[in-house]
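Visitor: Here you go, one structure.
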Amino acid sequence: MMGNDFQQSGWPACGETDIVELGNSGGFNGTQDRYFNGASHWGPNWQTHCQDYNSVTYDYSVEDGFHIFTCIWTPQRVSMYVDRDAHPTANPYYEISIPASSDDYAPGKYFHKPEFIIFNLAVGGNFPGIYSINQITALANGPRSMYVDWVRVYQRGDQGESFYSDVPSEAIEGASTGVEHAEADVAPQKILRDGQLLIQRGNQLYDMQGRLIP
């Protein structure tokens with residue numbers, strides 16, 4: 001996830017939350033299908049980039065089939081889990097405390113604002129420690145794909161909390177304070193217009209950051 005103010009503030013001042021990253025060099029010992037990472041990035045500018053992360057090795061593979069990755073984001077902390085449906089008592093594989101702060105180098109300054117969701121199928125670079133395209137085995141046999149079954153966003157609706165959405169309120173069911181969650185009453189569709197991927201809900205178009213397209 002990336003802060004909605006990415007275009008105004010730049011990275012990492014917008015804040016970045018990595019719910020799951022796969023392919024780290026730490027899994028090159030044969031545990032790549034069970035080794036994954038959660039992370040946070042923040043800071044006033046890229047020269048003073050701050051980060052926090054944790055990598056874990058699970059006792060079962062997350063390579064085959066669909067798995068549920070969960071991010072629970074409260075005013076106090078961000079916590080990440082995998083397959084809570086099958087393992088409801090498991091500890092988070094990554095967690096960071098984010099108490100509100102005005103300190104330029106404290107995570108609490110950057111993670112109390114809306115973020116948008118990114119799915120990024122990236123290869124090479126610092127994460128796996130591979131810098132030559134000829135060493136990236138995933139590209140050897142043609143294109144690769146990421147399969148996403150669903151994405152759901154829930155809001156607790158704490159007392160006095162206002163509902164945040166770039167989607168017009170008339171397109172949301174229960175878009176008022178105190179709702180358990182809200183879902184669009186019109187199933188969104190992805191369309192390609194002038195080479196740009198857009199989301200269509202009813203008669204309205206939005207870019208991939210949730211901004212209304214006139």
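Residues in the structure tokens are named by chain (A, B, ... in the order shown) and by number from 1 within that chain; ligands are numbered from 1 in the order shown.
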Which residues are near A:Thr17? Cut-off 7 Å, only C-alpha atoms, ignore same chain within fewer than 2 positions. Put them as a PyMOL selection string.
Guide: chain A and resi 1-2+15+19+39-41
Visitor: What lies within 7 Å of A:Arg77 using only C-alpha atoms, ignoring chain neighbours under 6 positions off, as number ranges by chain?
Guide: A: 95-98
Visitor: How would the residues just chosen look if you wrote them out with all heavy atoms as a short mmCIF file (atom, residue, chain, number, x, y, z; two decimals), in the first residue's frame?
Guide:
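Just written: again.cif:
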data_model
loop_
_atom_site.label_atom_id
_atom_site.label_comp_id
_atom_site.auth_asym_id
_atom_site.auth_seq_id
_atom_site.Cartn_x
_atom_site.Cartn_y
_atom_site.Cartn_z
N GLU A 95 4.77 -6.82 12.44
CA GLU A 95 3.99 -5.85 13.21
C GLU A 95 4.87 -4.64 13.51
O GLU A 95 6.06 -4.79 13.81
CB GLU A 95 3.50 -6.48 14.52
CG GLU A 95 2.47 -5.66 15.26
CD GLU A 95 1.81 -6.45 16.38
OE1 GLU A 95 2.55 -7.07 17.19
OE2 GLU A 95 0.57 -6.48 16.44
N ILE A 96 4.28 -3.46 13.43
CA ILE A 96 5.00 -2.23 13.75
C ILE A 96 4.08 -1.31 14.55
O ILE A 96 2.88 -1.19 14.25
CB ILE A 96 5.51 -1.52 12.48
CG1 ILE A 96 6.34 -0.29 12.85
CG2 ILE A 96 4.37 -1.17 11.54
CD1 ILE A 96 7.03 0.38 11.67
N SER A 97 4.63 -0.67 15.57
CA SER A 97 3.89 0.29 16.37
C SER A 97 3.92 1.65 15.70
O SER A 97 4.98 2.10 15.25
CB SER A 97 4.50 0.37 17.77
OG SER A 97 3.81 1.31 18.57
N ILE A 98 2.76 2.32 15.61
CA ILE A 98 2.67 3.60 14.89
C ILE A 98 1.95 4.67 15.71
O ILE A 98 1.04 5.32 15.19
CB ILE A 98 1.99 3.43 13.52
CG1 ILE A 98 0.58 2.82 13.69
CG2 ILE A 98 2.83 2.58 12.59
CD1 ILE A 98 -0.29 2.95 12.45
#
Visitor: Give me, as a PyMOL selection string, the residues of chain A that a backbone DSSP run labels strand (DSSP E).
Guide: chain A and resi 2-3+16-22+35-42+50-57+69-73+77-82+94-97+115-116+189-193+196-201+204-206+212-213
Visitor: Report as a ChimeraX atom specification all protein, DNA and RNA residues lying within 9 Å of A:His49, evaluated on only C-alpha atoms, omitting residues in the same chain fewer than 2 positions from it.
Guide: /A:11-13,41-47,51,105
Visitor: What's around A:Tyr35 at 10 Å? Count only C-alpha atoms, leave out sequence neighbours fewer than 5 positions away in its own chain, and write the answer as a PDB file with N, CA and C atoms, in the first residue's frame.
Guide:
ATOM      1  N   GLU A  21       5.837  -9.604   0.728  1.00  0.00           N
ATOM      2  CA  GLU A  21       6.831  -9.614  -0.340  1.00  0.00           C
ATOM      3  C   GLU A  21       7.437 -11.008  -0.397  1.00  0.00           C
ATOM      4  N   LEU A  22       7.516 -11.567  -1.594  1.00  0.00           N
ATOM      5  CA  LEU A  22       8.070 -12.908  -1.798  1.00  0.00           C
ATOM      6  C   LEU A  22       9.281 -12.827  -2.722  1.00  0.00           C
ATOM      7  N   GLY A  23      10.205 -13.757  -2.568  1.00  0.00           N
ATOM      8  CA  GLY A  23      11.359 -13.815  -3.463  1.00  0.00           C
ATOM      9  C   GLY A  23      12.649 -13.317  -2.852  1.00  0.00           C
ATOM     10  N   ASN A  24      12.678 -13.082  -1.539  1.00  0.00           N
ATOM     11  CA  ASN A  24      13.892 -12.603  -0.894  1.00  0.00           C
ATOM     12  C   ASN A  24      15.003 -13.649  -0.958  1.00  0.00           C
ATOM     13  N   SER A  25      16.243 -13.166  -0.980  1.00  0.00           N
ATOM     14  CA  SER A  25      17.386 -14.077  -1.063  1.00  0.00           C
ATOM     15  C   SER A  25      17.462 -15.021   0.130  1.00  0.00           C
ATOM     16  N   GLY A  26      16.807 -14.664   1.235  1.00  0.00           N
ATOM     17  CA  GLY A  26      16.815 -15.536   2.397  1.00  0.00           C
ATOM     18  C   GLY A  26      16.146 -16.878   2.167  1.00  0.00           C
ATOM     19  N   GLY A  27      15.356 -16.983   1.080  1.00  0.00           N
ATOM     20  CA  GLY A  27      14.696 -18.252   0.771  1.00  0.00           C
ATOM     21  C   GLY A  27      15.410 -19.075  -0.274  1.00  0.00           C
ATOM     22  N   PHE A  28      16.601 -18.635  -0.691  1.00  0.00           N
ATOM     23  CA  PHE A  28      17.328 -19.344  -1.738  1.00  0.00           C
ATOM     24  C   PHE A  28      17.896 -20.683  -1.259  1.00  0.00           C
ATOM     25  N   GLY A  30      16.187 -23.145  -0.422  1.00  0.00           N
ATOM     26  CA  GLY A  30      15.184 -24.169  -0.673  1.00  0.00           C
ATOM     27  C   GLY A  30      13.874 -23.939   0.054  1.00  0.00           C
ATOM     28  N   SER A  55      11.127 -11.018   8.225  1.00  0.00           N
ATOM     29  CA  SER A  55      10.981 -12.167   7.331  1.00  0.00           C
ATOM     30  C   SER A  55      10.759 -13.415   8.166  1.00  0.00           C
ATOM     31  N   VAL A  56       9.890 -14.299   7.696  1.00  0.00           N
ATOM     32  CA  VAL A  56       9.576 -15.523   8.434  1.00  0.00           C
ATOM     33  C   VAL A  56       9.612 -16.720   7.486  1.00  0.00           C
ATOM     34  N   THR A  57       9.854 -17.887   8.055  1.00  0.00           N
ATOM     35  CA  THR A  57       9.752 -19.141   7.324  1.00  0.00           C
ATOM     36  C   THR A  57       8.621 -19.951   7.947  1.00  0.00           C
ATOM     37  N   TYR A  58       7.568 -20.206   7.177  1.00  0.00           N
ATOM     38  CA  TYR A  58       6.433 -20.980   7.686  1.00  0.00           C
ATOM     39  C   TYR A  58       6.701 -22.470   7.521  1.00  0.00           C
ATOM     40  N   ASP A  59       5.899 -23.274   8.198  1.00  0.00           N
ATOM     41  CA  ASP A  59       6.069 -24.721   8.118  1.00  0.00           C
ATOM     42  C   ASP A  59       5.185 -25.337   7.034  1.00  0.00           C
ATOM     43  N   TYR A  60       4.548 -24.504   6.209  1.00  0.00           N
ATOM     44  CA  TYR A  60       3.790 -25.010   5.068  1.00  0.00           C
ATOM     45  C   TYR A  60       3.968 -24.049   3.896  1.00  0.00           C
ATOM     46  N   SER A  61       3.784 -24.561   2.692  1.00  0.00           N
ATOM     47  CA  SER A  61       4.042 -23.797   1.485  1.00  0.00           C
ATOM     48  C   SER A  61       2.932 -22.788   1.217  1.00  0.00           C
ATOM     49  N   VAL A  62       3.315 -21.602   0.742  1.00  0.00           N
ATOM     50  CA  VAL A  62       2.339 -20.616   0.284  1.00  0.00           C
ATOM     51  C   VAL A  62       2.462 -20.418  -1.223  1.00  0.00           C
ATOM     52  N   GLU A  63       3.036 -21.407  -1.900  1.00  0.00           N
ATOM     53  CA  GLU A  63       3.274 -21.297  -3.334  1.00  0.00           C
ATOM     54  C   GLU A  63       2.070 -21.742  -4.156  1.00  0.00           C
TER      55      GLU A  63
END
Visitor: Do you have the atom CA of A:Asn54-atom CA of A:Lys109 distance handy?
Guide: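 If I compute the distance from atom CA of A:Asn54 to atom CA of A:Lys109, I get 20.7 Å.
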